[in-house]
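For reference, work_26.csv (CSV, C-alpha atoms):
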chain,number,residue,atom,x,y,z
A,220,MET,CA,35.7,64.4,-15.3
A,221,ALA,CA,35.0,65.3,-18.9
A,222,VAL,CA,33.8,61.7,-19.6
A,223,GLU,CA,31.6,61.8,-16.5
A,224,ASP,CA,30.2,65.2,-17.5
A,225,ALA,CA,29.4,63.9,-20.9
A,226,ARG,CA,27.5,60.9,-19.4
A,227,VAL,CA,25.5,63.2,-17.1
A,228,GLU,CA,24.6,65.5,-20.1
A,229,ARG,CA,23.4,62.5,-22.2
A,230,ARG,CA,21.2,61.2,-19.3
A,231,SER,CA,19.8,64.7,-18.9
A,232,THR,CA,19.1,65.1,-22.6
A,233,ARG,CA,17.3,61.7,-22.7
A,234,LYS,CA,15.2,62.7,-19.6
A,235,ARG,CA,14.3,66.0,-21.2
A,236,SER,CA,13.3,64.2,-24.4
A,237,ARG,CA,11.0,61.8,-22.5
A,238,VAL,CA,9.5,64.7,-20.5
A,239,SER,CA,8.9,66.6,-23.7
A,240,LEU,CA,7.3,63.6,-25.4
A,241,ILE,CA,5.0,63.1,-22.5
A,242,GLY,CA,4.1,66.8,-22.6
A,243,VAL,CA,3.3,66.7,-26.3
A,244,VAL,CA,1.1,63.5,-25.9
A,245,GLY,CA,-0.7,65.1,-23.0
A,246,GLU,CA,-1.4,68.3,-24.9
A,247,LEU,CA,-2.7,66.2,-27.8
A,248,PHE,CA,-5.1,64.3,-25.5
A,249,ILE,CA,-6.3,67.6,-24.0
A,250,THR,CA,-6.8,69.1,-27.5
A,251,ALA,CA,-8.7,66.0,-28.5
A,252,GLY,CA,-10.9,66.2,-25.4
A,253,VAL,CA,-11.7,69.8,-26.1
A,254,LEU,CA,-12.6,69.0,-29.7
A,255,VAL,CA,-14.9,66.2,-28.5
A,256,LEU,CA,-16.6,68.5,-26.1
A,257,LEU,CA,-17.1,71.1,-28.8
A,258,PHE,CA,-18.6,68.5,-31.1
A,259,LEU,CA,-21.0,67.3,-28.4
A,260,GLY,CA,-21.9,70.9,-27.7
A,261,TRP,CA,-22.7,71.4,-31.4
A,262,GLN,CA,-24.5,68.1,-31.7
A,263,LEU,CA,-26.6,68.5,-28.6
A,264,TRP,CA,-27.3,72.2,-28.4
A,265,LEU,CA,-26.4,74.2,-31.5
A,266,ASN,CA,-27.5,71.5,-33.9
A,267,ASP,CA,-30.8,71.1,-32.1
A,268,LEU,CA,-31.4,74.8,-32.2
A,269,LEU,CA,-30.7,75.0,-35.9
A,270,VAL,CA,-32.7,71.9,-36.8
A,271,GLY,CA,-35.5,73.0,-34.5
A,272,THR,CA,-35.7,76.4,-36.3
A,273,GLN,CA,-35.8,74.6,-39.6
A,274,GLN,CA,-38.7,72.4,-38.4
A,275,ASN,CA,-40.6,75.5,-37.3
A,276,LYS,CA,-40.2,76.9,-40.8
A,277,GLN,CA,-41.4,73.7,-42.3
A,278,ALA,CA,-44.5,73.8,-40.1
A,279,SER,CA,-45.1,77.4,-41.0
A,280,ALA,CA,-44.8,76.6,-44.7
A,281,LEU,CA,-47.2,73.6,-44.3
A,282,SER,CA,-49.8,75.9,-42.7
A,283,GLN,CA,-49.5,78.4,-45.5
A,284,THR,CA,-50.4,75.7,-48.0
A,285,TRP,CA,-53.7,75.4,-46.2
A,286,GLY,CA,-54.5,79.0,-46.8
A,287,LYS,CA,-53.6,80.1,-43.3
A,288,SER,CA,-53.5,83.8,-44.3
A,289,GLU,CA,-57.2,83.6,-45.2
A,290,ALA,CA,-58.1,82.0,-41.9
A,291,VAL,CA,-56.7,84.6,-39.6
A,292,ALA,CA,-59.6,86.3,-38.0
A,293,PRO,CA,-59.8,88.4,-34.8
A,294,PRO,CA,-60.4,86.1,-31.8
A,295,VAL,CA,-63.9,86.4,-30.3
A,296,ALA,CA,-65.0,86.1,-26.7
A,297,THR,CA,-67.7,83.5,-27.5
A,298,ARG,CA,-67.4,81.0,-30.3
A,299,PRO,CA,-70.3,79.2,-31.8
A,300,ASP,CA,-70.5,75.4,-31.3
A,301,PRO,CA,-68.3,74.0,-34.1
A,302,GLY,CA,-70.0,70.6,-33.9
A,303,GLU,CA,-68.2,67.3,-34.3
A,304,PRO,CA,-64.5,67.7,-35.2
A,305,VAL,CA,-63.5,66.9,-38.8
A,306,VAL,CA,-61.4,63.7,-38.8
A,307,GLY,CA,-59.1,63.2,-41.8
A,308,ALA,CA,-57.8,60.0,-43.3
A,309,ALA,CA,-54.4,58.6,-42.4
A,310,PRO,CA,-51.8,59.6,-45.0
A,311,ASP,CA,-49.0,57.5,-46.5
A,312,ASN,CA,-45.8,57.0,-44.5
A,313,ALA,CA,-43.6,60.0,-44.0
A,314,VAL,CA,-46.2,62.4,-45.4
A,315,GLN,CA,-46.6,65.6,-43.3
A,316,PHE,CA,-50.2,66.2,-42.5
A,317,ALA,CA,-50.4,68.3,-39.4
A,318,ASN,CA,-48.5,70.6,-37.0
A,319,LEU,CA,-48.0,70.4,-33.3
A,320,ILE,CA,-48.2,73.7,-31.3
A,321,VAL,CA,-47.5,73.7,-27.6
A,322,PRO,CA,-47.4,77.1,-25.9
A,323,ARG,CA,-45.6,75.6,-22.9
A,324,PHE,CA,-42.6,74.8,-25.2
A,325,GLY,CA,-42.3,78.4,-26.4
A,326,ALA,CA,-44.2,81.2,-28.1
A,327,ASP,CA,-42.8,80.2,-31.5
A,328,TYR,CA,-43.0,76.4,-31.0
A,329,GLU,CA,-44.5,74.8,-34.1
A,330,ARG,CA,-43.4,71.4,-35.4
A,331,PRO,CA,-44.6,69.3,-38.4
A,332,ILE,CA,-46.2,65.9,-37.8
A,333,ALA,CA,-45.7,63.1,-40.3
A,334,GLU,CA,-47.1,59.6,-40.6
A,335,GLY,CA,-44.9,56.9,-39.2
A,336,ILE,CA,-42.1,56.7,-36.5
A,337,GLY,CA,-39.1,55.8,-38.7
A,338,THR,CA,-35.9,57.3,-37.5
A,339,GLU,CA,-34.5,58.1,-40.9
A,340,ASP,CA,-37.6,59.3,-42.7
A,341,VAL,CA,-39.8,60.9,-40.0
A,342,LEU,CA,-38.2,61.5,-36.6
A,343,GLN,CA,-35.3,63.3,-38.1
A,344,VAL,CA,-37.6,66.0,-39.5
A,345,GLY,CA,-40.2,66.4,-36.7
A,346,VAL,CA,-42.9,64.5,-34.9
A,347,GLY,CA,-44.1,61.1,-35.9
A,348,HIS,CA,-47.7,59.7,-35.7
A,349,TYR,CA,-47.9,56.1,-34.7
A,350,PRO,CA,-49.6,54.2,-37.6
A,351,GLY,CA,-52.8,52.5,-36.5
A,352,THR,CA,-53.6,55.0,-33.8
A,353,GLN,CA,-56.4,57.5,-34.3
A,354,MET,CA,-56.2,60.8,-36.3
A,355,PRO,CA,-56.7,64.2,-34.7
A,356,GLY,CA,-60.2,64.7,-33.4
A,357,ALA,CA,-61.2,61.1,-33.5
A,358,VAL,CA,-62.6,59.1,-30.6
A,359,GLY,CA,-59.7,57.0,-29.3
A,360,ASN,CA,-56.0,57.7,-29.0
A,361,VAL,CA,-53.9,60.0,-31.2
A,362,ALA,CA,-50.3,58.8,-30.4
A,363,LEU,CA,-47.2,60.8,-31.3
A,364,ALA,CA,-43.5,60.3,-30.8
A,365,ALA,CA,-40.4,62.6,-31.1
A,366,HIS,CA,-36.8,62.9,-29.8
A,367,ARG,CA,-35.9,64.7,-26.5
A,368,THR,CA,-32.3,65.2,-27.8
A,369,THR,CA,-30.8,65.5,-31.3
A,370,TRP,CA,-32.6,66.1,-34.5
A,371,GLY,CA,-34.3,69.3,-33.3
A,372,ALA,CA,-35.4,67.7,-30.0
A,373,PRO,CA,-39.1,68.4,-30.6
A,374,PHE,CA,-40.0,66.9,-27.2
A,375,SER,CA,-37.1,68.3,-25.3
A,376,ASN,CA,-39.4,70.0,-22.7
A,377,ILE,CA,-42.1,67.3,-22.5
A,378,ALA,CA,-41.3,66.9,-18.8
A,379,ASP,CA,-42.2,70.6,-18.2
A,380,LEU,CA,-45.9,70.1,-19.1
A,381,GLN,CA,-48.3,71.1,-16.4
A,382,VAL,CA,-51.9,70.0,-15.8
A,383,GLY,CA,-54.2,72.2,-17.9
A,384,ASP,CA,-51.6,73.1,-20.5
A,385,SER,CA,-53.0,73.5,-24.1
A,386,ILE,CA,-51.7,71.3,-26.8
A,387,TYR,CA,-52.8,72.0,-30.4
A,388,ILE,CA,-52.8,69.9,-33.5
A,389,GLU,CA,-53.3,71.9,-36.7
A,390,THR,CA,-54.5,70.3,-39.9
A,391,GLU,CA,-56.0,71.6,-43.1
A,392,ALA,CA,-59.4,71.4,-41.4
A,393,GLY,CA,-58.5,73.6,-38.4
A,394,TRP,CA,-57.1,73.4,-34.9
A,395,TYR,CA,-57.7,70.7,-32.3
A,396,ARG,CA,-57.1,71.6,-28.7
A,397,TYR,CA,-56.1,69.0,-26.2
A,398,VAL,CA,-55.5,69.6,-22.5
A,399,PHE,CA,-52.6,67.9,-20.6
A,400,ARG,CA,-53.8,65.7,-17.8
A,401,SER,CA,-51.1,63.3,-16.6
A,402,LEU,CA,-47.8,61.5,-17.3
A,403,GLU,CA,-46.5,58.0,-17.0
A,404,TYR,CA,-43.2,56.2,-17.2
A,405,VAL,CA,-43.1,52.8,-19.0
A,406,GLN,CA,-40.6,50.3,-20.3
A,407,PRO,CA,-39.7,50.5,-24.0
A,408,THR,CA,-41.9,47.4,-24.5
A,409,GLY,CA,-44.9,49.1,-22.9
A,410,VAL,CA,-46.9,49.5,-26.1
A,411,GLY,CA,-50.1,49.5,-24.2
A,412,VAL,CA,-50.0,53.3,-24.0
A,413,LEU,CA,-50.9,53.2,-27.8
A,414,ASP,CA,-54.2,51.4,-27.3
A,415,ALA,CA,-57.4,53.3,-28.1
A,416,VAL,CA,-57.9,53.3,-24.3
A,417,PRO,CA,-54.3,53.4,-23.0
A,418,GLN,CA,-53.3,50.2,-21.2
A,419,LEU,CA,-56.8,48.7,-21.7
A,420,PRO,CA,-56.7,46.9,-25.1
A,421,SER,CA,-60.2,45.4,-24.8
A,422,ALA,CA,-62.0,48.6,-23.8
A,423,THR,CA,-64.2,50.5,-26.1
A,424,PRO,CA,-63.0,54.1,-26.4
A,425,THR,CA,-65.4,56.9,-25.6
A,426,ASP,CA,-63.0,59.8,-25.1
A,427,ARG,CA,-60.7,61.6,-27.6
A,428,LEU,CA,-57.1,61.3,-26.2
A,429,LEU,CA,-53.7,62.5,-27.2
A,430,THR,CA,-50.6,60.5,-26.1
A,431,MET,CA,-47.1,61.9,-26.6
A,432,THR,CA,-44.1,59.6,-26.1
A,433,SER,CA,-40.3,60.0,-25.9
A,434,CYS,CA,-37.3,58.4,-24.4
A,435,ASN,CA,-36.4,58.9,-20.7
A,436,PRO,CA,-34.2,59.9,-19.2
A,437,LYS,CA,-32.5,62.3,-21.6
A,438,PHE,CA,-29.6,60.7,-23.5
A,439,SER,CA,-31.0,57.2,-22.7
A,440,ALA,CA,-33.6,54.8,-24.0
A,441,ALA,CA,-34.0,53.0,-20.7
A,442,GLU,CA,-37.7,53.8,-20.5
A,443,ARG,CA,-40.4,55.9,-22.1
A,444,PHE,CA,-41.9,59.2,-20.9
A,445,VAL,CA,-45.6,59.3,-21.7
A,446,ALA,CA,-47.8,62.5,-21.6
A,447,TYR,CA,-51.6,62.1,-21.8
A,448,SER,CA,-54.0,64.8,-22.8
A,449,VAL,CA,-57.7,64.9,-23.4
A,450,PHE,CA,-59.6,66.6,-26.3
A,451,ASP,CA,-61.3,69.9,-25.4
A,452,THR,CA,-62.6,71.5,-28.6
A,453,TRP,CA,-61.8,72.2,-32.2
A,454,TYR,CA,-61.6,75.4,-34.2
A,455,PRO,CA,-62.6,75.1,-37.9
A,456,ARG,CA,-60.2,77.0,-40.1
A,457,ALA,CA,-62.9,79.2,-41.5
A,458,GLY,CA,-63.6,80.6,-38.0
A,459,GLY,CA,-60.0,81.6,-37.3
A,460,PRO,CA,-57.4,80.2,-34.8
A,461,PRO,CA,-57.7,79.9,-31.0
A,462,ALA,CA,-56.9,83.2,-29.2
A,463,GLU,CA,-54.1,81.5,-27.3
A,464,ILE,CA,-52.1,80.9,-30.4
A,465,ALA,CA,-53.4,83.7,-32.6
A,466,ALA,CA,-50.1,85.6,-32.5
A,467,LEU,CA,-48.2,82.6,-33.7
A,468,VAL,CA,-50.7,82.0,-36.5
A,469,ILE,CA,-50.5,85.6,-37.7
A,470,ALA,CA,-46.7,85.5,-37.6
A,471,SER,CA,-46.6,82.3,-39.6
A,472,ALA,CA,-49.1,83.5,-42.1
A,473,ALA,CA,-47.0,86.6,-42.7
A,474,GLY,CA,-44.1,84.4,-43.5

What is this structure when it is put down as structure tokens?
Amino acid sequence: MAVEDARVERRSTRKRSRVSLIGVVGELFITAGVLVLLFLGWQLWLNDLLVGTQQNKQASALSQTWGKSEAVAPPVATRPDPGEPVVGAAPDNAVQFANLIVPRFGADYERPIAEGIGTEDVLQVGVGHYPGTQMPGAVGNVALAAHRTTWGAPFSNIADLQVGDSIYIETEAGWYRYVFRSLEYVQPTGVGVLDAVPQLPSATPTDRLLTMTSCNPKFSAAERFVAYSVFDTWYPRAGGPPAEIAALVIASAAG
């Protein structure tokens, strides 16, 4: 009996060891899964929040270099005809030359626009301007690109745009107001949306358009989300900002 009891005890000990080992490995996998989820949460939410806030600050600082504090004037009910919008020259690659302001994206939304669409030197720090497309205010097509996820996700809410929404581009000369009109989904190879007249490469442009592009759906590059807007008016810096974004302008000017 003593020998048999010893055999039973050894088998029981080996079984408990195997169960304990499986339990430890299982806990390690669970812990690893939790850590991965936490990392993804940081990368896709908290990091976007922090980077987005930094991009807002960069845009505000850029505005201040244009003497924004001197341009803040009380909004007026009727503005004089500002005439033809001033159109600047295209800057060198990765140079920040404008800000994008979209009230639909939040009362404090303000992101820098730089020349180029390189992932490393432009899209990680804000919105990119497609080289070869028109500059703000020009006849033709101003085409912009930005991420919907990661790196601040400047175009995270692009699908929320509604017909009639204002989209402002601010430069040293002033503010250009575009009005959202329609959207389109295209393949990643659908570069026709960047034409001076989108999808009509041989047409002569007569309108001033703004095209914003980003990946679709979120977390995928299967296709492109394209938002089209048409130019409405421009506000020379000397006359002060549009009433719709005056509060943001004043807050930015105050630092």

- Task: Point out the residue among A:Val305, A:Ala317, A:Val341, A:Ala333 with the least atom-to-atom distance to Thr452 in chain A, counting only C-alpha atoms.
- Result: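 Among the listed residues, the smallest separation from Thr452 in chain A belongs to A:Val305.
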
- Message: as a PyMOL selection string, please: the residues near range 393-397 of chain A (cut-off 10 Å, all atoms listed in the file, same-chain neighbours under 6 positions excluded).
- Response: chain A and resi 282+285+287+290+304-305+317-321+355-356+383-387+427-429+447-461

- Task: Using all atoms listed in the file, give me every residue within 8 Å of (-40.3, 76.0, -32.6) in file coordinates, as a VMD selection string.
- Result: chain A and resid 271 to 272 274 to 275 324 to 330 373

- Query: Which is closest to Pro436 in chain A among A:Ile464, A:Val346, A:Tyr404, A:Thr284, if we use only C-alpha atoms?
  - Reply: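 Looking only at the distances to Pro436 in chain A, the closest residue turns out to be A:Tyr404.
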
- Item | A:Glu391, A:Val361, A:Ala446, A:Thr338 ranked by distance to Leu413 in chain A, top pick (using only C-alpha atoms) | A:Val361

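Taking CA of Gln406 in chain A and CA of Arg443 in chain A as endpoints, the distance between them is 5.9 Å.
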
- Point-to-point distance in Å for CA of Ala308 in chain A and CA of Leu467 in chain A: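 Between CA of Leu467 in chain A and CA of Ala308 in chain A the gap is 26.4 Å.
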
- Message: Just to confirm, what's the straight-line distance from CA of Phe316 in chain A to CA of Glu334 in chain A in Å (one decimal)?
- Response: 7.5 Å

Need to verify the contact set: Gly347 in chain A, 10 Å, all atoms listed in the file, exclusion of same-chain residues closer than 3 positions in sequence. Can you return it as a PDB file with C-alpha atoms, in the frame of the given file?
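Listing of around24.pdb after writing:
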ATOM      1  CA  ASN A 312     -45.800  57.000 -44.500  1.00  0.00           C
ATOM      2  CA  ALA A 313     -43.600  60.000 -44.000  1.00  0.00           C
ATOM      3  CA  VAL A 314     -46.200  62.400 -45.400  1.00  0.00           C
ATOM      4  CA  GLN A 315     -46.600  65.600 -43.300  1.00  0.00           C
ATOM      5  CA  PRO A 331     -44.600  69.300 -38.400  1.00  0.00           C
ATOM      6  CA  ILE A 332     -46.200  65.900 -37.800  1.00  0.00           C
ATOM      7  CA  ALA A 333     -45.700  63.100 -40.300  1.00  0.00           C
ATOM      8  CA  GLU A 334     -47.100  59.600 -40.600  1.00  0.00           C
ATOM      9  CA  GLY A 335     -44.900  56.900 -39.200  1.00  0.00           C
ATOM     10  CA  ILE A 336     -42.100  56.700 -36.500  1.00  0.00           C
ATOM     11  CA  GLY A 337     -39.100  55.800 -38.700  1.00  0.00           C
ATOM     12  CA  THR A 338     -35.900  57.300 -37.500  1.00  0.00           C
ATOM     13  CA  ASP A 340     -37.600  59.300 -42.700  1.00  0.00           C
ATOM     14  CA  VAL A 341     -39.800  60.900 -40.000  1.00  0.00           C
ATOM     15  CA  LEU A 342     -38.200  61.500 -36.600  1.00  0.00           C
ATOM     16  CA  GLN A 343     -35.300  63.300 -38.100  1.00  0.00           C
ATOM     17  CA  VAL A 344     -37.600  66.000 -39.500  1.00  0.00           C
ATOM     18  CA  PRO A 350     -49.600  54.200 -37.600  1.00  0.00           C
ATOM     19  CA  ALA A 362     -50.300  58.800 -30.400  1.00  0.00           C
ATOM     20  CA  LEU A 363     -47.200  60.800 -31.300  1.00  0.00           C
ATOM     21  CA  ALA A 364     -43.500  60.300 -30.800  1.00  0.00           C
ATOM     22  CA  ALA A 365     -40.400  62.600 -31.100  1.00  0.00           C
ATOM     23  CA  HIS A 366     -36.800  62.900 -29.800  1.00  0.00           C
ATOM     24  CA  MET A 431     -47.100  61.900 -26.600  1.00  0.00           C
ATOM     25  CA  THR A 432     -44.100  59.600 -26.100  1.00  0.00           C
TER      26      THR A 432
END

- Task: Go through A:Pro407, A:Ala357, A:Ile469, A:Ala440 and flag the residue nearest Thr425 in chain A, using only C-alpha atoms for the distances.
- Result: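 Checking each candidate against Thr425 in chain A, we get A:Ala357 as the closest.
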
- For each of A:Asn360, A:Gly286, A:Ser375, A:Glu303, take the minimum atom-to-atom distance to Pro424 in chain A, counting only C-alpha atoms, then give the residue where this is smallest.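 Using only C-alpha atoms, the shortest distance to Pro424 in chain A belongs to A:Asn360.
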